[in-house]
Amino acid sequence: MAEPVLAVDRLEKAFGALKATNGVSLDLRPGEIHALIGPNGAGKSTLINQIAGALAPDAGTIRFLGRDVTALSTAARARLGLARTFQVSSLLPDFSALRNIMLAAQARQGSSLRFLRPVLSDRTLTEPAMAILARVGLTARADVPAAELSHGERRQLEIAVALAMQPKAFLLDEPMAGMGPEGSKTLTAFLDGLRQEAPILLVEHDMDAVFALADRVSVLVYGQVIASGSVAEIRSDPEVRRAYLGD
Ligand code: ADP
Ligand code: MG
């Protein structure tokens with residue numbers, strides 16, 4: 001079996017007496033979508049935050065592309081190719097869709113965000129950014145400020161921003177949240193192709209999307225992985241059905 005791109009080993013994080021992540025181990029292999037599901041408060045976002053470097057684990061290790069990144073900053077992990085989107089939007093609202101992508105591409109080159117002034121007339125900067133916008137279906141919206149995009153368009157733009165970092169792995173926290181059925185369908189098709197570019201750790205409540213996309217599913221409950229397997233295995237697991245799928 002191929003070496004995992006990302007491997008999390010016995011990760012722990014407590015908030016006071018609450019063990020939000022209580023010994024989580026999982027990995028992400030080349031070309032796959034690994035879905036992480038579980039009820040609200042299970043610790044999914046906490047886990048993503050630790051993997052991305054926004055939250056320091058109390059114990060455990062995170063390996064990315066064969067190296068231990070547990071002590072690295074968020075920025076250092078991003079430069080290595082670990083891209084994430086948030087449950088809540090992280091776009092720069094006053095900047096156009098195009099400029100949001102150009103900023104991300106420049107951040108990838110290592111410049112600090114506050115010093116960035118992407119030049120919109122520089123075609124060597126705009127062309128790759130326009131190509132990414134085209135991939136997520138936002139060509140016609142290039143000049144629209146992020147704040148004026150529809151909810152679905154903003155979620156697409158967030159993934160476009162992540163793409164601009166030329167990632168080696170994606171961490172996506174509820175990308176379908178708040179999307180209508182049409183938006184979810186478009187995004188599902190897009191993510192389906194995206195896995196070839198870089199594997200995806202996908203936190204998602206939309207079970208239609210999870211069952212359509214996931215090569216593997218892990219179920220997190222009270223900070224612990226209670227089951228992990230194929231979609232078929234997870235759907236027929238009695239403990240998962242009791243704890244999460246609602247029967
Ligand atoms: P999920 O994303 O699965 O819904 P979270 O990871 O957001 O769950 O939260 C897991 C648990 O940790 C919840 O009980 C939540 O209230 C708690 N929690 C999350 N972040 C913090 C924090 N910064 N301080 C205190 N408690 C937190
Ligand atoms: Mg969450």
# chains A, B, ... in the order shown; residues from 1 in each chain; ligands from 1

$ residues_near_ligand --ligand "ligand 2" --cutoff "7 Å" --atoms "only C-alpha atoms and all ligand atoms" --output "PyMOL selection string"
chain A and resi 40-41+43-45+87+173

$ residues_around --residues "A:Ile226" --least-positions-apart "5" --cutoff "12 Å" --atoms "only C-alpha atoms" --output "PyMOL selection string"
chain A and resi 22-26+36-38+42+217-221+234+237-244

$ write_last_selection --atoms "C-alpha atoms" --output "PDB file, in the first residue's frame"
ATOM      1  CA  ASN A  22      -9.068  11.659  22.710  1.00  0.00           C
ATOM      2  CA  GLY A  23      -6.413   9.550  21.031  1.00  0.00           C
ATOM      3  CA  VAL A  24      -7.217   9.931  17.347  1.00  0.00           C
ATOM      4  CA  SER A  25      -5.180   8.043  14.760  1.00  0.00           C
ATOM      5  CA  LEU A  26      -5.944   8.204  11.062  1.00  0.00           C
ATOM      6  CA  LEU A  36     -14.609  12.254   8.742  1.00  0.00           C
ATOM      7  CA  ILE A  37     -18.153  12.207  10.073  1.00  0.00           C
ATOM      8  CA  GLY A  38     -19.679  12.464  13.513  1.00  0.00           C
ATOM      9  CA  ALA A  42     -17.497  15.233  18.279  1.00  0.00           C
ATOM     10  CA  VAL A 217     -15.033   6.946   6.164  1.00  0.00           C
ATOM     11  CA  SER A 218     -14.013   7.405   9.792  1.00  0.00           C
ATOM     12  CA  VAL A 219     -16.583   8.108  12.471  1.00  0.00           C
ATOM     13  CA  LEU A 220     -15.647  10.381  15.340  1.00  0.00           C
ATOM     14  CA  VAL A 221     -17.740  10.373  18.521  1.00  0.00           C
ATOM     15  CA  ILE A 234     -19.768   2.187   7.692  1.00  0.00           C
ATOM     16  CA  ASP A 237     -22.075  -0.911  11.097  1.00  0.00           C
ATOM     17  CA  PRO A 238     -24.671  -1.214  13.888  1.00  0.00           C
ATOM     18  CA  GLU A 239     -22.654   0.902  16.340  1.00  0.00           C
ATOM     19  CA  VAL A 240     -22.314   3.721  13.787  1.00  0.00           C
ATOM     20  CA  ARG A 241     -26.011   3.567  12.971  1.00  0.00           C
ATOM     21  CA  ARG A 242     -26.846   3.837  16.660  1.00  0.00           C
ATOM     22  CA  ALA A 243     -24.343   6.598  17.437  1.00  0.00           C
ATOM     23  CA  TYR A 244     -24.717   8.718  14.376  1.00  0.00           C
TER      24      TYR A 244
END

$ select_by_dssp --residues "stretch 8-116 of chain A" --states "strand (DSSP E)" --output "number ranges by chain"
A: 8-15, 18-28, 33-37, 59-64, 67-68, 82-85

$ residues_around --residues "A:Asn100" --least-positions-apart "2" --cutoff "10 Å" --atoms "only C-alpha atoms" --output "list of chain:residue names"
A:Leu91, A:Leu92, A:Pro93, A:Asp94, A:Phe95, A:Ser96, A:Ala97, A:Leu98, A:Met102, A:Leu103, A:Ala104, A:Ala105, A:Pro118, A:Ala129, A:Ala142, A:Pro145, A:Ala146, A:Leu157, A:Glu158, A:Ala160, A:Val161, A:Ala164

$ closest_residue --among "A:Leu11, A:Leu82, A:Leu6, A:Leu125" --to "A:Arg67" --atoms "only C-alpha atoms"
A:Leu6

$ atom_distance --atom1 "atom CA of A:Ile200" --atom2 "atom CA of A:Met165"
14.4 Å

$ atom_distance --atom1 "atom CA of A:Leu138" --atom2 "atom CA of A:Thr126"
14.0 Å

$ residues_around --residues "A:Ala56" --least-positions-apart "6" --cutoff "12 Å" --atoms "only C-alpha atoms" --output "NGL selection string"
:A and (11-15 or 21 or 46-50 or 62 or 69-74)

$ write_last_selection --atoms "C-alpha atoms" --output "mmCIF file, in the first residue's frame"
data_model
loop_
_atom_site.group_PDB
_atom_site.id
_atom_site.type_symbol
_atom_site.label_atom_id
_atom_site.label_comp_id
_atom_site.auth_asym_id
_atom_site.auth_seq_id
_atom_site.Cartn_x
_atom_site.Cartn_y
_atom_site.Cartn_z
ATOM 1 C CA LEU A 11 -3.658 12.861 18.942
ATOM 2 C CA GLU A 12 -5.043 14.363 22.130
ATOM 3 C CA LYS A 13 -6.488 17.770 22.951
ATOM 4 C CA ALA A 14 -8.385 18.733 26.092
ATOM 5 C CA PHE A 15 -10.321 21.924 26.806
ATOM 6 C CA THR A 21 -9.651 14.804 20.715
ATOM 7 C CA THR A 46 -10.630 20.494 16.680
ATOM 8 C CA LEU A 47 -8.872 17.674 14.852
ATOM 9 C CA ILE A 48 -8.641 19.677 11.610
ATOM 10 C CA ASN A 49 -7.261 22.645 13.578
ATOM 11 C CA GLN A 50 -4.549 20.472 15.088
ATOM 12 C CA ILE A 62 1.242 14.555 12.905
ATOM 13 C CA VAL A 69 5.214 18.524 11.440
ATOM 14 C CA THR A 70 3.698 18.471 14.941
ATOM 15 C CA ALA A 71 5.801 21.442 16.075
ATOM 16 C CA LEU A 72 5.557 23.458 12.840
ATOM 17 C CA SER A 73 3.471 26.625 12.496
ATOM 18 C CA THR A 74 0.346 26.826 10.350
#

$ select_by_dssp --residues "stretch 2-246 of chain A" --states "helix (DSSP H, G or I)" --output "PyMOL selection string"
chain A and resi 44-52+74-80+97-108+113-115+123-135+139-141+146-148+151-164+181-194+207-213+231-235+238-245

$ closest_residue --among "A:Ser184, A:Gln224, A:Gln156, A:Gln166" --to "A:Ala83" --atoms "only C-alpha atoms"
A:Gln166

$ residues_around --residues "A:Ala7" --least-positions-apart "6" --cutoff "9 Å" --atoms "only C-alpha atoms" --output "list in words"
Ser25, Leu26, Asp27, Leu28, Arg29, Thr61, Ile62, Arg63, Phe64, Leu65 and Gly66 of chain A

$ write_last_selection --atoms "N, CA and C atoms" --output "short mmCIF file (atom, residue, chain, number, x, y, z; two decimals), in the first residue's frame"
data_model
loop_
_atom_site.label_atom_id
_atom_site.label_comp_id
_atom_site.auth_asym_id
_atom_site.auth_seq_id
_atom_site.Cartn_x
_atom_site.Cartn_y
_atom_site.Cartn_z
N SER A 25 -6.15 8.44 15.77
CA SER A 25 -5.18 8.04 14.76
C SER A 25 -5.92 7.85 13.45
N LEU A 26 -5.40 8.47 12.40
CA LEU A 26 -5.94 8.20 11.06
C LEU A 26 -4.93 8.66 10.02
N ASP A 27 -5.12 8.23 8.79
CA ASP A 27 -4.20 8.69 7.76
C ASP A 27 -4.94 9.00 6.46
N LEU A 28 -4.19 9.59 5.55
CA LEU A 28 -4.72 10.03 4.27
C LEU A 28 -3.74 9.54 3.21
N ARG A 29 -4.25 8.75 2.28
CA ARG A 29 -3.37 8.14 1.27
C ARG A 29 -3.52 8.85 -0.07
N THR A 61 1.30 12.77 17.45
CA THR A 61 2.13 13.32 16.38
C THR A 61 1.35 13.42 15.07
N ILE A 62 1.80 14.35 14.24
CA ILE A 62 1.24 14.55 12.91
C ILE A 62 2.40 14.48 11.92
N ARG A 63 2.33 13.53 11.00
CA ARG A 63 3.35 13.41 9.97
C ARG A 63 2.74 13.79 8.63
N PHE A 64 3.49 14.60 7.86
CA PHE A 64 3.01 15.05 6.56
C PHE A 64 4.15 14.87 5.57
N LEU A 65 3.90 14.16 4.49
CA LEU A 65 4.92 13.89 3.47
C LEU A 65 6.19 13.32 4.11
N GLY A 66 5.98 12.43 5.07
CA GLY A 66 7.11 11.71 5.65
C GLY A 66 7.87 12.45 6.73
#

$ residues_around --residues "A:Ile159" --least-positions-apart "3" --cutoff "9 Å" --atoms "only C-alpha atoms" --output "PDB file with C-alpha atoms, in the first residue's frame"
ATOM      1  CA  ARG A  84      -7.361  23.898   4.466  1.00  0.00           C
ATOM      2  CA  THR A  85     -10.739  25.531   4.294  1.00  0.00           C
ATOM      3  CA  VAL A 136     -14.413  26.181  -9.877  1.00  0.00           C
ATOM      4  CA  ARG A 154     -17.931  31.816  -1.607  1.00  0.00           C
ATOM      5  CA  ARG A 155     -17.496  28.168  -0.680  1.00  0.00           C
ATOM      6  CA  GLN A 156     -16.240  27.484  -4.214  1.00  0.00           C
ATOM      7  CA  ALA A 162      -6.760  26.472  -1.307  1.00  0.00           C
ATOM      8  CA  LEU A 163      -5.991  25.245  -4.848  1.00  0.00           C
ATOM      9  CA  ALA A 164      -3.832  28.299  -5.492  1.00  0.00           C
ATOM     10  CA  LEU A 172     -11.953  20.601   4.108  1.00  0.00           C
ATOM     11  CA  PRO A 175     -17.517  22.604   2.451  1.00  0.00           C
TER      12      PRO A 175
END

$ atom_distance --atom1 "atom 22 (C, counted along the ligand's line) of ligand 1" --atom2 "atom CA of A:Asp206"
24.1 Å
